[in-house]
Each structure stands twice: as C-alpha cells, then as structure tokens.
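Just coords-v7.tsv here, TSV, C-alpha atoms and all ligand atoms:
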chain	number	residue	atom	x	y	z
A	1	MET	CA	-25.83	-12.26	7.95
A	2	THR	CA	-25.06	-8.57	8.54
A	3	LEU	CA	-27.72	-6.52	10.34
A	4	LEU	CA	-26.85	-2.91	9.65
A	5	GLU	CA	-26.39	-0.82	12.79
A	6	PRO	CA	-25.34	2.75	13.61
A	7	GLY	CA	-21.58	2.99	13.98
A	8	MET	CA	-20.78	0.40	11.35
A	9	VAL	CA	-18.44	1.55	8.56
A	10	ALA	CA	-19.06	1.25	4.81
A	11	VAL	CA	-16.86	2.07	1.83
A	12	VAL	CA	-18.63	2.81	-1.47
A	13	THR	CA	-16.69	3.27	-4.72
A	14	GLY	CA	-18.10	5.48	-7.46
A	15	ALA	CA	-20.10	7.17	-4.71
A	16	ALA	CA	-20.19	10.70	-6.12
A	17	SER	CA	-22.98	9.94	-8.59
A	18	GLY	CA	-25.86	7.68	-9.53
A	19	ILE	CA	-26.10	4.18	-8.09
A	20	GLY	CA	-23.13	4.58	-5.73
A	21	ARG	CA	-24.64	7.69	-4.20
A	22	SER	CA	-28.04	5.97	-3.89
A	23	ILE	CA	-26.44	3.05	-2.02
A	24	ALA	CA	-24.40	5.42	0.17
A	25	GLU	CA	-27.55	7.38	1.10
A	26	ALA	CA	-29.45	4.18	1.98
A	27	LEU	CA	-26.56	3.08	4.24
A	28	LEU	CA	-26.38	6.55	5.84
A	29	ASP	CA	-30.11	6.37	6.56
A	30	ARG	CA	-29.33	3.23	8.59
A	31	GLY	CA	-26.79	5.19	10.67
A	32	LEU	CA	-23.57	3.87	9.12
A	33	VAL	CA	-20.45	5.97	8.64
A	34	VAL	CA	-19.87	5.95	4.87
A	35	VAL	CA	-16.56	6.54	3.10
A	36	LEU	CA	-17.38	7.97	-0.33
A	37	LEU	CA	-14.66	7.01	-2.78
A	38	ASP	CA	-14.58	8.48	-6.29
A	39	VAL	CA	-12.11	9.52	-8.95
A	40	GLU	CA	-13.90	12.88	-9.47
A	41	ARG	CA	-12.57	15.15	-6.73
A	42	ASP	CA	-15.04	18.03	-7.17
A	43	ALA	CA	-18.05	15.72	-7.34
A	44	VAL	CA	-17.04	13.75	-4.26
A	45	MET	CA	-16.31	16.89	-2.21
A	46	ARG	CA	-19.68	18.38	-3.29
A	47	THR	CA	-21.49	15.15	-2.36
A	48	VAL	CA	-19.79	15.03	1.05
A	49	ALA	CA	-20.73	18.67	1.73
A	50	GLU	CA	-24.38	18.03	0.78
A	51	LEU	CA	-24.66	14.93	2.96
A	52	GLU	CA	-22.81	16.52	5.90
A	53	ALA	CA	-25.27	19.41	5.75
A	54	ARG	CA	-27.99	16.83	6.46
A	55	GLY	CA	-26.04	15.74	9.56
A	56	GLN	CA	-24.75	12.48	8.11
A	57	ARG	CA	-21.33	10.96	8.79
A	58	VAL	CA	-19.45	10.80	5.51
A	59	GLU	CA	-15.76	10.87	4.64
A	60	PRO	CA	-14.30	11.60	1.19
A	61	GLU	CA	-11.60	9.55	-0.52
A	62	VAL	CA	-10.36	10.57	-3.96
A	63	ALA	CA	-8.93	7.52	-5.69
A	64	ASP	CA	-9.00	5.64	-8.98
A	65	VAL	CA	-10.18	2.04	-8.56
A	66	ARG	CA	-7.74	1.03	-11.30
A	67	ASP	CA	-4.90	1.77	-8.89
A	68	PRO	CA	-4.32	-1.10	-6.41
A	69	VAL	CA	-1.78	0.91	-4.39
A	70	ALA	CA	-4.29	3.74	-3.92
A	71	LEU	CA	-6.98	1.29	-2.74
A	72	ASP	CA	-4.55	-0.32	-0.27
A	73	ALA	CA	-3.83	3.17	1.10
A	74	VAL	CA	-7.57	3.91	1.48
A	75	ALA	CA	-8.09	0.58	3.28
A	76	ALA	CA	-5.19	1.34	5.63
A	77	ARG	CA	-6.62	4.81	6.40
A	78	VAL	CA	-10.14	3.48	7.03
A	79	LEU	CA	-8.85	0.73	9.34
A	80	ARG	CA	-6.60	3.19	11.19
A	81	ARG	CA	-9.48	5.66	11.68
A	82	HIS	CA	-12.25	3.20	12.51
A	83	GLY	CA	-10.64	-0.17	13.22
A	84	ARG	CA	-13.30	-1.89	11.08
A	85	VAL	CA	-14.96	-2.10	7.70
A	86	ASP	CA	-18.41	-3.68	7.68
A	87	VAL	CA	-19.67	-3.07	4.15
A	88	LEU	CA	-17.68	-2.72	0.91
A	89	VAL	CA	-19.53	-1.66	-2.23
A	90	ASN	CA	-17.40	-2.11	-5.37
A	91	ASN	CA	-19.56	0.01	-7.63
A	92	ALA	CA	-17.43	2.37	-9.77
A	93	GLY	CA	-17.93	1.60	-13.44
A	94	VAL	CA	-18.03	3.02	-16.96
A	95	VAL	CA	-19.58	2.22	-20.34
A	96	GLY	CA	-17.83	2.54	-23.69
A	97	PRO	CA	-19.12	3.67	-27.09
A	98	ARG	CA	-21.85	1.44	-28.66
A	99	ARG	CA	-20.14	-0.39	-31.49
A	100	ARG	CA	-20.22	-3.95	-32.81
A	101	ALA	CA	-17.86	-6.36	-31.01
A	102	TRP	CA	-15.32	-6.36	-33.84
A	103	GLU	CA	-15.36	-2.55	-34.09
A	104	GLN	CA	-14.48	-1.89	-30.44
A	105	THR	CA	-10.99	-0.39	-30.09
A	106	ALA	CA	-8.25	-2.12	-28.11
A	107	GLU	CA	-8.16	0.97	-25.89
A	108	ASP	CA	-11.90	0.71	-25.12
A	109	TRP	CA	-11.49	-2.97	-24.15
A	110	ARG	CA	-8.58	-2.14	-21.87
A	111	TRP	CA	-10.34	0.81	-20.23
A	112	LEU	CA	-13.49	-1.16	-19.41
A	113	VAL	CA	-11.58	-4.18	-18.11
A	114	GLU	CA	-9.42	-1.96	-15.90
A	115	VAL	CA	-12.28	0.01	-14.33
A	116	ASN	CA	-15.17	-2.46	-14.29
A	117	LEU	CA	-13.32	-5.70	-13.55
A	118	LEU	CA	-9.93	-4.88	-12.03
A	119	GLY	CA	-11.52	-2.09	-9.97
A	120	VAL	CA	-13.69	-4.73	-8.27
A	121	ALA	CA	-10.77	-7.16	-7.91
A	122	HIS	CA	-8.62	-4.46	-6.27
A	123	GLY	CA	-11.42	-3.55	-3.85
A	124	VAL	CA	-11.77	-7.20	-2.82
A	125	ARG	CA	-8.02	-7.57	-2.38
A	126	SER	CA	-7.66	-4.39	-0.29
A	127	PHE	CA	-10.70	-4.70	2.02
A	128	VAL	CA	-11.81	-8.33	2.32
A	129	PRO	CA	-8.83	-9.51	4.46
A	130	ALA	CA	-10.08	-7.30	7.33
A	131	MET	CA	-13.57	-8.85	7.02
A	132	VAL	CA	-12.13	-12.37	7.01
A	133	ALA	CA	-10.06	-11.53	10.09
A	134	ALA	CA	-13.14	-10.12	11.84
A	135	GLY	CA	-15.36	-13.00	10.68
A	136	SER	CA	-18.05	-10.51	9.61
A	137	GLY	CA	-18.92	-8.01	6.92
A	138	HIS	CA	-20.63	-7.83	3.52
A	139	VAL	CA	-19.32	-7.19	-0.01
A	140	VAL	CA	-21.58	-5.78	-2.73
A	141	ASN	CA	-20.21	-5.92	-6.27
A	142	THR	CA	-22.09	-3.92	-8.90
A	143	ALA	CA	-22.45	-5.94	-12.09
A	144	SER	CA	-25.52	-5.32	-14.29
A	145	VAL	CA	-28.31	-7.15	-16.05
A	146	ALA	CA	-25.69	-7.17	-18.84
A	147	GLY	CA	-23.67	-9.53	-16.62
A	148	LEU	CA	-26.49	-12.07	-16.60
A	149	ALA	CA	-27.75	-11.93	-20.20
A	150	PRO	CA	-27.23	-10.12	-23.50
A	151	VAL	CA	-29.25	-6.89	-23.48
A	152	PRO	CA	-31.42	-5.89	-26.46
A	153	GLY	CA	-29.48	-4.45	-29.38
A	154	GLY	CA	-25.96	-5.52	-28.39
A	155	GLY	CA	-23.12	-3.09	-29.18
A	156	ASN	CA	-21.66	-3.44	-25.68
A	157	ALA	CA	-19.33	-6.47	-25.81
A	158	PRO	CA	-16.59	-5.03	-23.53
A	159	TYR	CA	-19.18	-3.90	-20.96
A	160	ALA	CA	-21.04	-7.25	-21.05
A	161	ALA	CA	-17.76	-9.15	-20.77
A	162	THR	CA	-16.65	-7.18	-17.71
A	163	LYS	CA	-20.05	-7.49	-16.03
A	164	HIS	CA	-20.18	-11.28	-16.62
A	165	ALA	CA	-16.69	-11.33	-15.12
A	166	VAL	CA	-17.92	-9.48	-12.03
A	167	VAL	CA	-20.64	-12.12	-11.61
A	168	GLY	CA	-18.02	-14.88	-11.94
A	169	LEU	CA	-15.63	-13.11	-9.56
A	170	SER	CA	-18.46	-12.74	-7.03
A	171	GLU	CA	-19.53	-16.41	-7.29
A	172	THR	CA	-15.94	-17.50	-6.70
A	173	LEU	CA	-15.52	-15.01	-3.85
A	174	ARG	CA	-18.66	-16.57	-2.26
A	175	ALA	CA	-17.12	-20.05	-2.59
A	176	ASP	CA	-13.78	-18.89	-1.12
A	177	LEU	CA	-15.56	-17.21	1.81
A	178	ASP	CA	-17.69	-20.32	2.40
A	179	ALA	CA	-14.43	-22.09	3.18
A	180	ALA	CA	-12.64	-19.29	5.08
A	181	ALA	CA	-15.25	-16.97	6.63
A	182	PRO	CA	-18.81	-18.12	5.84
A	183	SER	CA	-20.45	-15.31	7.79
A	184	VAL	CA	-19.02	-12.68	5.43
A	185	GLY	CA	-21.81	-11.95	2.93
A	186	VAL	CA	-21.62	-11.27	-0.81
A	187	THR	CA	-24.22	-9.68	-3.11
A	188	VAL	CA	-23.87	-9.22	-6.84
A	189	LEU	CA	-26.02	-6.28	-7.86
A	190	CYS	CA	-27.54	-6.58	-11.37
A	191	PRO	CA	-29.74	-3.57	-12.15
A	192	GLY	CA	-31.61	-2.82	-15.35
A	193	PRO	CA	-31.34	0.70	-16.84
A	194	VAL	CA	-31.04	3.38	-14.14
A	195	PRO	CA	-31.05	7.12	-14.97
A	196	THR	CA	-27.50	8.18	-13.99
A	197	ARG	CA	-24.46	9.82	-15.62
A	198	ILE	CA	-23.14	6.46	-16.92
A	199	HIS	CA	-23.71	7.44	-20.56
A	200	ASP	CA	-21.39	10.39	-19.98
A	201	SER	CA	-18.54	8.03	-19.01
A	202	GLU	CA	-16.29	9.60	-21.66
A	203	ARG	CA	-15.82	12.48	-19.17
A	204	HIS	CA	-13.29	10.26	-17.37
A	205	ARG	CA	-10.94	10.02	-20.35
A	206	SER	CA	-8.27	12.59	-21.11
A	207	ALA	CA	-8.23	11.67	-24.83
A	208	PRO	CA	-11.39	10.83	-26.79
A	209	ALA	CA	-11.76	7.26	-28.09
A	210	ALA	CA	-9.77	6.98	-31.34
A	211	SER	CA	-12.07	5.31	-33.86
A	212	GLU	CA	-13.53	6.35	-37.19
A	213	VAL	CA	-16.41	3.87	-36.80
A	214	PRO	CA	-19.64	5.69	-35.96
A	215	VAL	CA	-21.44	4.58	-32.81
A	216	LEU	CA	-24.67	2.59	-33.16
A	217	ALA	CA	-28.02	4.25	-32.49
A	218	ALA	CA	-29.66	3.46	-29.15
A	219	GLU	CA	-31.99	0.42	-29.24
A	220	GLY	CA	-35.22	-0.27	-27.39
A	221	LEU	CA	-34.98	-1.87	-23.97
A	222	GLY	CA	-36.96	-5.06	-24.72
A	223	PRO	CA	-38.59	-6.23	-21.48
A	224	LEU	CA	-36.42	-3.91	-19.34
A	225	GLU	CA	-38.01	-0.88	-17.73
A	226	PRO	CA	-36.16	2.12	-16.24
A	227	VAL	CA	-35.37	1.61	-12.56
A	228	PRO	CA	-35.86	4.50	-10.10
A	229	LEU	CA	-32.50	5.41	-8.55
A	230	GLU	CA	-33.72	5.28	-4.92
A	231	GLN	CA	-34.94	1.71	-5.44
A	232	VAL	CA	-31.36	0.51	-5.99
A	233	GLY	CA	-30.13	1.78	-2.61
A	234	ARG	CA	-33.19	0.39	-0.83
A	235	ASP	CA	-32.85	-3.03	-2.49
A	236	VAL	CA	-29.13	-3.23	-1.69
A	237	VAL	CA	-29.72	-2.58	2.02
A	238	ALA	CA	-32.43	-5.28	2.07
A	239	ALA	CA	-30.16	-7.75	0.21
A	240	ILE	CA	-27.33	-7.17	2.72
A	241	GLU	CA	-29.65	-7.80	5.66
A	242	ARG	CA	-31.24	-10.88	4.07
A	243	ASP	CA	-27.87	-12.14	2.81
A	244	ARG	CA	-29.10	-12.41	-0.79
A	245	PHE	CA	-26.44	-13.22	-3.36
A	246	TYR	CA	-28.04	-12.42	-6.74
A	247	LEU	CA	-29.80	-9.06	-6.78
A	248	PRO	CA	-31.56	-8.31	-10.06
A	249	VAL	CA	-33.23	-4.90	-9.79
A	250	GLY	CA	-36.02	-3.65	-12.04
A	251	VAL	CA	-38.75	-5.03	-14.26
A	252	GLY	CA	-37.46	-7.44	-16.94
A	253	THR	CA	-34.00	-8.19	-15.45
A	254	ALA	CA	-34.92	-11.59	-13.98
A	255	GLU	CA	-36.85	-12.43	-17.17
A	256	LEU	CA	-33.80	-11.78	-19.39
A	257	ALA	CA	-31.52	-13.72	-17.01
A	258	ARG	CA	-33.92	-16.70	-16.96
A	259	ALA	CA	-34.13	-16.76	-20.78
A	260	ARG	CA	-30.33	-16.85	-21.00
A	261	ALA	CA	-30.07	-19.59	-18.33
A	262	GLU	CA	-32.60	-21.67	-20.26
A	263	GLN	CA	-30.57	-21.24	-23.45
A	264	VAL	CA	-27.48	-22.50	-21.61
A	265	LEU	CA	-29.43	-25.51	-20.29
A	266	HIS	CA	-30.80	-26.28	-23.77
A	267	GLY	CA	-27.28	-26.06	-25.21
A	268	LEU	CA	-25.94	-28.40	-22.52
A	269	ALA	CA	-28.78	-30.88	-23.11
A	270	ALA	CA	-28.18	-30.82	-26.88
A	271	ALA	CA	-24.44	-31.40	-26.33
A	272	ALA	CA	-25.21	-34.33	-24.01
A	273	ARG	CA	-27.48	-35.90	-26.67
A	274	ALA	CA	-24.93	-35.48	-29.50
B	1	LIG	N1	-26.99	3.27	-14.91
B	1	LIG	C1	-27.31	2.06	-15.34
B	1	LIG	O1	-28.22	1.89	-16.18
B	1	LIG	C2	-26.59	0.86	-14.79
B	1	LIG	C3	-27.20	-0.40	-14.93
B	1	LIG	C4	-26.55	-1.51	-14.43
B	1	LIG	C5	-25.33	-1.38	-13.79
B	1	LIG	N2	-24.75	-0.14	-13.68
B	1	LIG	C6	-23.46	-0.05	-13.00
B	1	LIG	O2	-23.60	0.77	-11.86
B	1	LIG	C7	-22.33	1.31	-11.50
B	1	LIG	C8	-22.47	2.80	-11.23
B	1	LIG	O3	-22.81	3.45	-12.44
B	1	LIG	P1	-23.85	4.67	-12.52
B	1	LIG	O4	-24.90	4.26	-13.49
B	1	LIG	O5	-24.22	5.15	-11.19
B	1	LIG	O6	-22.93	5.75	-13.29
B	1	LIG	P2	-22.43	7.21	-12.90
B	1	LIG	O7	-21.54	7.64	-14.01
B	1	LIG	O8	-23.58	8.09	-12.55
B	1	LIG	O9	-21.57	6.95	-11.58
B	1	LIG	C9	-20.36	6.25	-11.63
B	1	LIG	C10	-19.39	6.86	-10.62
B	1	LIG	O10	-18.16	6.09	-10.69
B	1	LIG	C11	-17.07	7.00	-10.71
B	1	LIG	N3	-15.92	6.37	-11.38
B	1	LIG	C12	-15.78	6.11	-12.71
B	1	LIG	N4	-14.56	5.60	-12.94
B	1	LIG	C13	-13.94	5.53	-11.75
B	1	LIG	C14	-12.65	5.08	-11.34
B	1	LIG	N5	-11.76	4.62	-12.24
B	1	LIG	N6	-12.33	5.12	-10.02
B	1	LIG	C15	-13.22	5.60	-9.10
B	1	LIG	N7	-14.44	6.07	-9.44
B	1	LIG	C16	-14.80	6.02	-10.74
B	1	LIG	C17	-17.60	8.21	-11.47
B	1	LIG	O11	-16.84	9.37	-11.20
B	1	LIG	C18	-19.03	8.31	-10.96
B	1	LIG	O12	-19.13	9.12	-9.82
B	1	LIG	C19	-21.38	0.96	-12.65
B	1	LIG	O13	-20.60	-0.15	-12.29
B	1	LIG	C20	-22.34	0.60	-13.78
B	1	LIG	O14	-21.75	-0.28	-14.72
B	1	LIG	C21	-25.36	0.97	-14.15

Can you dump the structure from the file as structure tokens?
Amino acid sequence: MTLLEPGMVAVVTGAASGIGRSIAEALLDRGLVVVLLDVERDAVMRTVAELEARGQRVEPEVADVRDPVALDAVAARVLRRHGRVDVLVNNAGVVGPRRRAWEQTAEDWRWLVEVNLLGVAHGVRSFVPAMVAAGSGHVVNTASVAGLAPVPGGGNAPYAATKHAVVGLSETLRADLDAAAPSVGVTVLCPGPVPTRIHDSERHRSAPAASEVPVLAAEGLGPLEPVPLEQVGRDVVAAIERDRFYLPVGVGTAELARARAEQVLHGLAAAARA
C-alpha cells in the first residue's frame, strides 16, 4: 500500500489535458513532485507554467507514448534527477471516429492500438523495473468503462478492444507483481464519460482519417452519467492509498460492468450444460 507523501515522485502521461491533468493536480495537492508527460509541447509547457505559478513542483516531458525509446529516456532522466519513481499513471489515450466495427479503417485500428495499448505497455516496461527494485510504488493504468462492458450505441470497436486490453494487461501485471514485488500497487481506472478534449483526438494526426464512410451520430449514454473532472483525480488518489485494483468512476459504470459479467457467467453456465 502506498501512502502518498510530500517528496514522492509521480509520472503522468497525457497530463496536459483532461483526466491526466486532473490526476496530476490531485497528486500535486498531496505534495508530490509530478512529471507531466505529453505529446503536445505547447499544452504541456502551458500546463507546467500554470501549475508552477501556484507554487507546485512540476516538470515537463514532451514525448509520444508510442515511442518506447523516448519513454526509456524519460525514465532514465527521472531516475537520474530524483532517484525514485513512486507513482506511474499511464493515461494518454485517443478515440477514433464512430463507425461500425467493419467500417473502421486499418489505420484507425493501428493508431488506437499504438497509443491506447502499446503506450501503456511501454510505460510499464520503462518505469516498473525501478518500482520492483525498490519494492514499492503504484501503477495506474487508464482504461475506461468501455474496457469493462460495451457502451450504449457501439461504433467504437478499436477503442473498446484497446481498453479491454488495458484491463487484461493490468490484471496480468497485478499477478506478475504478486510474485515479484507484492507491495507495488496497481489500479485500473475505468471512468464513464468525462468532459475533456478526447473527442478532438483527431488533432494528434497529421493526415485526416481516410474513409468515405460517414461517422455515426452520437448515441445516448444509457445508465452512464457525465463524471465531473475533479472527481477522477480525487478517486485515483483514494484508490492508490487504499490499494484498490478496479476503479470504476461515475454513475452507471459499475452497473454496466456487472451486466456484462453476468452475461459472461450465463454464457459459461450454458456452455457447461450443453
Ligand atoms: N473523457 C472520457 O470520457 C474518458 C472516459 C474513459 C476513459 N478515458 C481515457 O482517459 C484518458 C485521458 O483522456 P482525456 O479524456 O483526458 O482526453 P484529452 O484529449 O483531454 O487528454 C488526453 C491527453 O493525452 C495526450 N496524448 C494523446 N496521444 C498521446 C501520445 N501518443 N503520447 C503522449 N500523450 C498523448 C493528449 O495530448 C492530451 O493531452 C484516455 O486514455 C481516455 O481513453 C476518457
């Protein structure tokens, strides 16, 4: 269990906006030094300036989580500067255009897998060895409610696939740490809809998605309700300190996840009877 204390060091990816910034601010409020990593140079420098003006200890890192060499270099710099990394938040992520599963382009699949899944894998590979060596630390991986259950309306197969993969990666990371360094914590963050810039993810691509297929209209949210941004940071800090693994955030997320789990159990029972 990691009790957060002043002087500890956190690295947050995708920290220049939305959920990453909310988590970074909650960690800063607990006195941690926070390394804000993001691919958007201007946004990360602006965020660092704003937080420094409030007297908080932040450091910028401009890097693309798709690049394992860049993440290794960030880890080396952080360890050289501070000699420790206590919290790693693998949070950077993007959404693609809403289209039916068979209408998603190969390029959209690749882009989402590289950012949302490999970005998390690279973060784990670059930073977790120092935590294992220290026998302490906590990893937060941002998945989504879409990693626990299909969300109303569909149209997001690549996103759902990568977020389920982040849940699976995190469960396996937990099992591996249980054997090698059980005091290193893991949380898989699964929020419902949060008002951020995620639906402007296309800003990260140099060329627009090449597809003639029109995108689907937005659907209702079913049982999900919008989640206030500050709640995510607060809940993540509490989950780290209570060593909670699954962290659904927002009204309706646990309900959708339970309905999906029950469907799986029914399917398994039917298969056993057949
Ligand atoms: N907003 C939601 O409704 C919601 C719900 C559940 C989960 N999530 C997840 O939360 C995470 C954060 O998303 P958000 O909603 O805050 O979106 P956001 O667009 O506001 O913030 C994402 C940040 O990640 C950065 N980023 C994108 N690609 C990157 C890359 N390749 N390397 C480094 N940084 C990169 C962006 O520059 C941005 O600052 C994502 O993983 C997203 O899938 C979001």

Which residue is closest to Val89 of chain A? Choose from A:Glu219, A:Glu107, A:Glu114, A:Asp38 and count only C-alpha atoms.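 Counting only C-alpha atoms, the residue closest to Val89 of chain A is A:Asp38.
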
Using all atoms listed in the file, determine which residues fall within 7 Å of ligand LIG 1 (chain B), then list them as a count of residues only. 40

Padding of 6 Å on every side, edges along x, y and z, all listed atoms of segment 84-96 of chain A included: what centre and edge lengths in Å, to one decimal, does that box have, as JSON?
{"center_x": -16.5, "center_y": -0.3, "center_z": -6.3, "size_x": 18.4, "size_y": 18.7, "size_z": 46.8}

Give me the residues within 12 Å of Val48 of chain A as number ranges by chain, counting all atoms listed in the file and dropping any in the same chain fewer than 2 places off. A: 15-17, 21, 24-25, 28, 33-38, 41-46, 50-62

Give as a ChimeraX atom specification every residue, naming chains and numbers as the document does, that has an atom within 12 Å of (-26.8, -8.0, -27.2), counting only C-alpha atoms. /A:98-101,145-161,218-222,256,260

With C-alpha atoms retained, export the selected residues as a PDB file, in the frame of the given file.
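Writing done, so here's result.pdb:
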ATOM      1  CA  ARG A  98     -21.850   1.440 -28.660  1.00  0.00           C
ATOM      2  CA  ARG A  99     -20.140  -0.390 -31.490  1.00  0.00           C
ATOM      3  CA  ARG A 100     -20.220  -3.950 -32.810  1.00  0.00           C
ATOM      4  CA  ALA A 101     -17.860  -6.360 -31.010  1.00  0.00           C
ATOM      5  CA  VAL A 145     -28.310  -7.150 -16.050  1.00  0.00           C
ATOM      6  CA  ALA A 146     -25.690  -7.170 -18.840  1.00  0.00           C
ATOM      7  CA  GLY A 147     -23.670  -9.530 -16.620  1.00  0.00           C
ATOM      8  CA  LEU A 148     -26.490 -12.070 -16.600  1.00  0.00           C
ATOM      9  CA  ALA A 149     -27.750 -11.930 -20.200  1.00  0.00           C
ATOM     10  CA  PRO A 150     -27.230 -10.120 -23.500  1.00  0.00           C
ATOM     11  CA  VAL A 151     -29.250  -6.890 -23.480  1.00  0.00           C
ATOM     12  CA  PRO A 152     -31.420  -5.890 -26.460  1.00  0.00           C
ATOM     13  CA  GLY A 153     -29.480  -4.450 -29.380  1.00  0.00           C
ATOM     14  CA  GLY A 154     -25.960  -5.520 -28.390  1.00  0.00           C
ATOM     15  CA  GLY A 155     -23.120  -3.090 -29.180  1.00  0.00           C
ATOM     16  CA  ASN A 156     -21.660  -3.440 -25.680  1.00  0.00           C
ATOM     17  CA  ALA A 157     -19.330  -6.470 -25.810  1.00  0.00           C
ATOM     18  CA  PRO A 158     -16.590  -5.030 -23.530  1.00  0.00           C
ATOM     19  CA  TYR A 159     -19.180  -3.900 -20.960  1.00  0.00           C
ATOM     20  CA  ALA A 160     -21.040  -7.250 -21.050  1.00  0.00           C
ATOM     21  CA  ALA A 161     -17.760  -9.150 -20.770  1.00  0.00           C
ATOM     22  CA  ALA A 218     -29.660   3.460 -29.150  1.00  0.00           C
ATOM     23  CA  GLU A 219     -31.990   0.420 -29.240  1.00  0.00           C
ATOM     24  CA  GLY A 220     -35.220  -0.270 -27.390  1.00  0.00           C
ATOM     25  CA  LEU A 221     -34.980  -1.870 -23.970  1.00  0.00           C
ATOM     26  CA  GLY A 222     -36.960  -5.060 -24.720  1.00  0.00           C
ATOM     27  CA  LEU A 256     -33.800 -11.780 -19.390  1.00  0.00           C
ATOM     28  CA  ARG A 260     -30.330 -16.850 -21.000  1.00  0.00           C
TER      29      ARG A 260
END

Between atom CA of Arg81 of chain A and atom CA of Val69 of chain A, what distance in Å does the model show, to one decimal?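 Going from atom CA of Arg81 of chain A over to atom CA of Val69 of chain A covers 18.4 Å.
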
Could you please determine the separation between atom CA of Gly252 of chain A and atom CA of Val232 of chain A in Å, to one decimal place?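 That distance, rounded to one decimal, is 14.8 Å.
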
Any idea what's packed within 12 Å of Glu103 of chain A, counting only C-alpha atoms, ignoring anything in its chain fewer than 6 positions away? Could you give it as a ChimeraX atom specification? /A:96-97,109,155-158,210-216

Here is a test: counting all atoms listed in the file, which residue of A:Gly123, A:Leu229, A:Gln104, A:Val132 is nearest to Asp178 of chain A?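 Checking each candidate against Asp178 of chain A, we get A:Val132 as the closest.
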
Work out how far atom CA of Ala207 of chain A is from atom CA of Val120 of chain A, in Å to one decimal.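 About the pair atom CA of Val120 of chain A and atom CA of Ala207 of chain A: they are 23.9 Å apart.
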
Within 12 Å of (-28.9, -8.6, -0.9) (coordinates as in the file), grab all the protein and nucleic acid residues, counting all atoms listed in the file, and write them out as a PyMOL selection string. chain A and resi 1-3+23+87+89+138-142+185-190+232-249

Convert the current residue selection to file output with C-alpha atoms, as a compact mmCIF listing (two decimals), keeping the file's coordinate frame.
# COMPACT_ATOMS: atom_id res chain seq x y z
CA MET A 1 -25.83 -12.26 7.95
CA THR A 2 -25.06 -8.57 8.54
CA LEU A 3 -27.72 -6.52 10.34
CA ILE A 23 -26.44 3.05 -2.02
CA VAL A 87 -19.67 -3.07 4.15
CA VAL A 89 -19.53 -1.66 -2.23
CA HIS A 138 -20.63 -7.83 3.52
CA VAL A 139 -19.32 -7.19 -0.01
CA VAL A 140 -21.58 -5.78 -2.73
CA ASN A 141 -20.21 -5.92 -6.27
CA THR A 142 -22.09 -3.92 -8.90
CA GLY A 185 -21.81 -11.95 2.93
CA VAL A 186 -21.62 -11.27 -0.81
CA THR A 187 -24.22 -9.68 -3.11
CA VAL A 188 -23.87 -9.22 -6.84
CA LEU A 189 -26.02 -6.28 -7.86
CA CYS A 190 -27.54 -6.58 -11.37
CA VAL A 232 -31.36 0.51 -5.99
CA GLY A 233 -30.13 1.78 -2.61
CA ARG A 234 -33.19 0.39 -0.83
CA ASP A 235 -32.85 -3.03 -2.49
CA VAL A 236 -29.13 -3.23 -1.69
CA VAL A 237 -29.72 -2.58 2.02
CA ALA A 238 -32.43 -5.28 2.07
CA ALA A 239 -30.16 -7.75 0.21
CA ILE A 240 -27.33 -7.17 2.72
CA GLU A 241 -29.65 -7.80 5.66
CA ARG A 242 -31.24 -10.88 4.07
CA ASP A 243 -27.87 -12.14 2.81
CA ARG A 244 -29.10 -12.41 -0.79
CA PHE A 245 -26.44 -13.22 -3.36
CA TYR A 246 -28.04 -12.42 -6.74
CA LEU A 247 -29.80 -9.06 -6.78
CA PRO A 248 -31.56 -8.31 -10.06
CA VAL A 249 -33.23 -4.90 -9.79

Option closest in space to Gly31 of chain A, from A:Val11, A:Ala165, A:Leu4, A:Val128 [counting all atoms listed in the file]: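 The shortest atom-to-atom distance to Gly31 of chain A comes from A:Leu4.
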
Which one of A:Ala70, A:Ala133, A:Ala75, A:Val85 sits closest to Met8 of chain A if you count all atoms listed in the file?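 Selected residue with least distance to Met8 of chain A: A:Val85.
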
Using all atoms listed in the file, find the one residue out of A:Lys163, A:Val124, A:Ala49, A:Ala270 that sits nearest to Leu112 of chain A.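 Closest to Leu112 of chain A of all the choices is A:Lys163.
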
Residues within 7 Å of Leu32 of chain A, please, as an mmCIF file with C-alpha atoms, keeping the file's coordinate frame. Count all atoms listed in the file; anything in the same chain fewer than 6 positions from it doesn't count.
data_model
loop_
_atom_site.group_PDB
_atom_site.id
_atom_site.type_symbol
_atom_site.label_atom_id
_atom_site.label_comp_id
_atom_site.auth_asym_id
_atom_site.auth_seq_id
_atom_site.Cartn_x
_atom_site.Cartn_y
_atom_site.Cartn_z
ATOM 1 C CA GLU A 5 -26.390 -0.820 12.790
ATOM 2 C CA PRO A 6 -25.340 2.750 13.610
ATOM 3 C CA GLY A 7 -21.580 2.990 13.980
ATOM 4 C CA MET A 8 -20.780 0.400 11.350
ATOM 5 C CA VAL A 9 -18.440 1.550 8.560
ATOM 6 C CA ALA A 10 -19.060 1.250 4.810
#
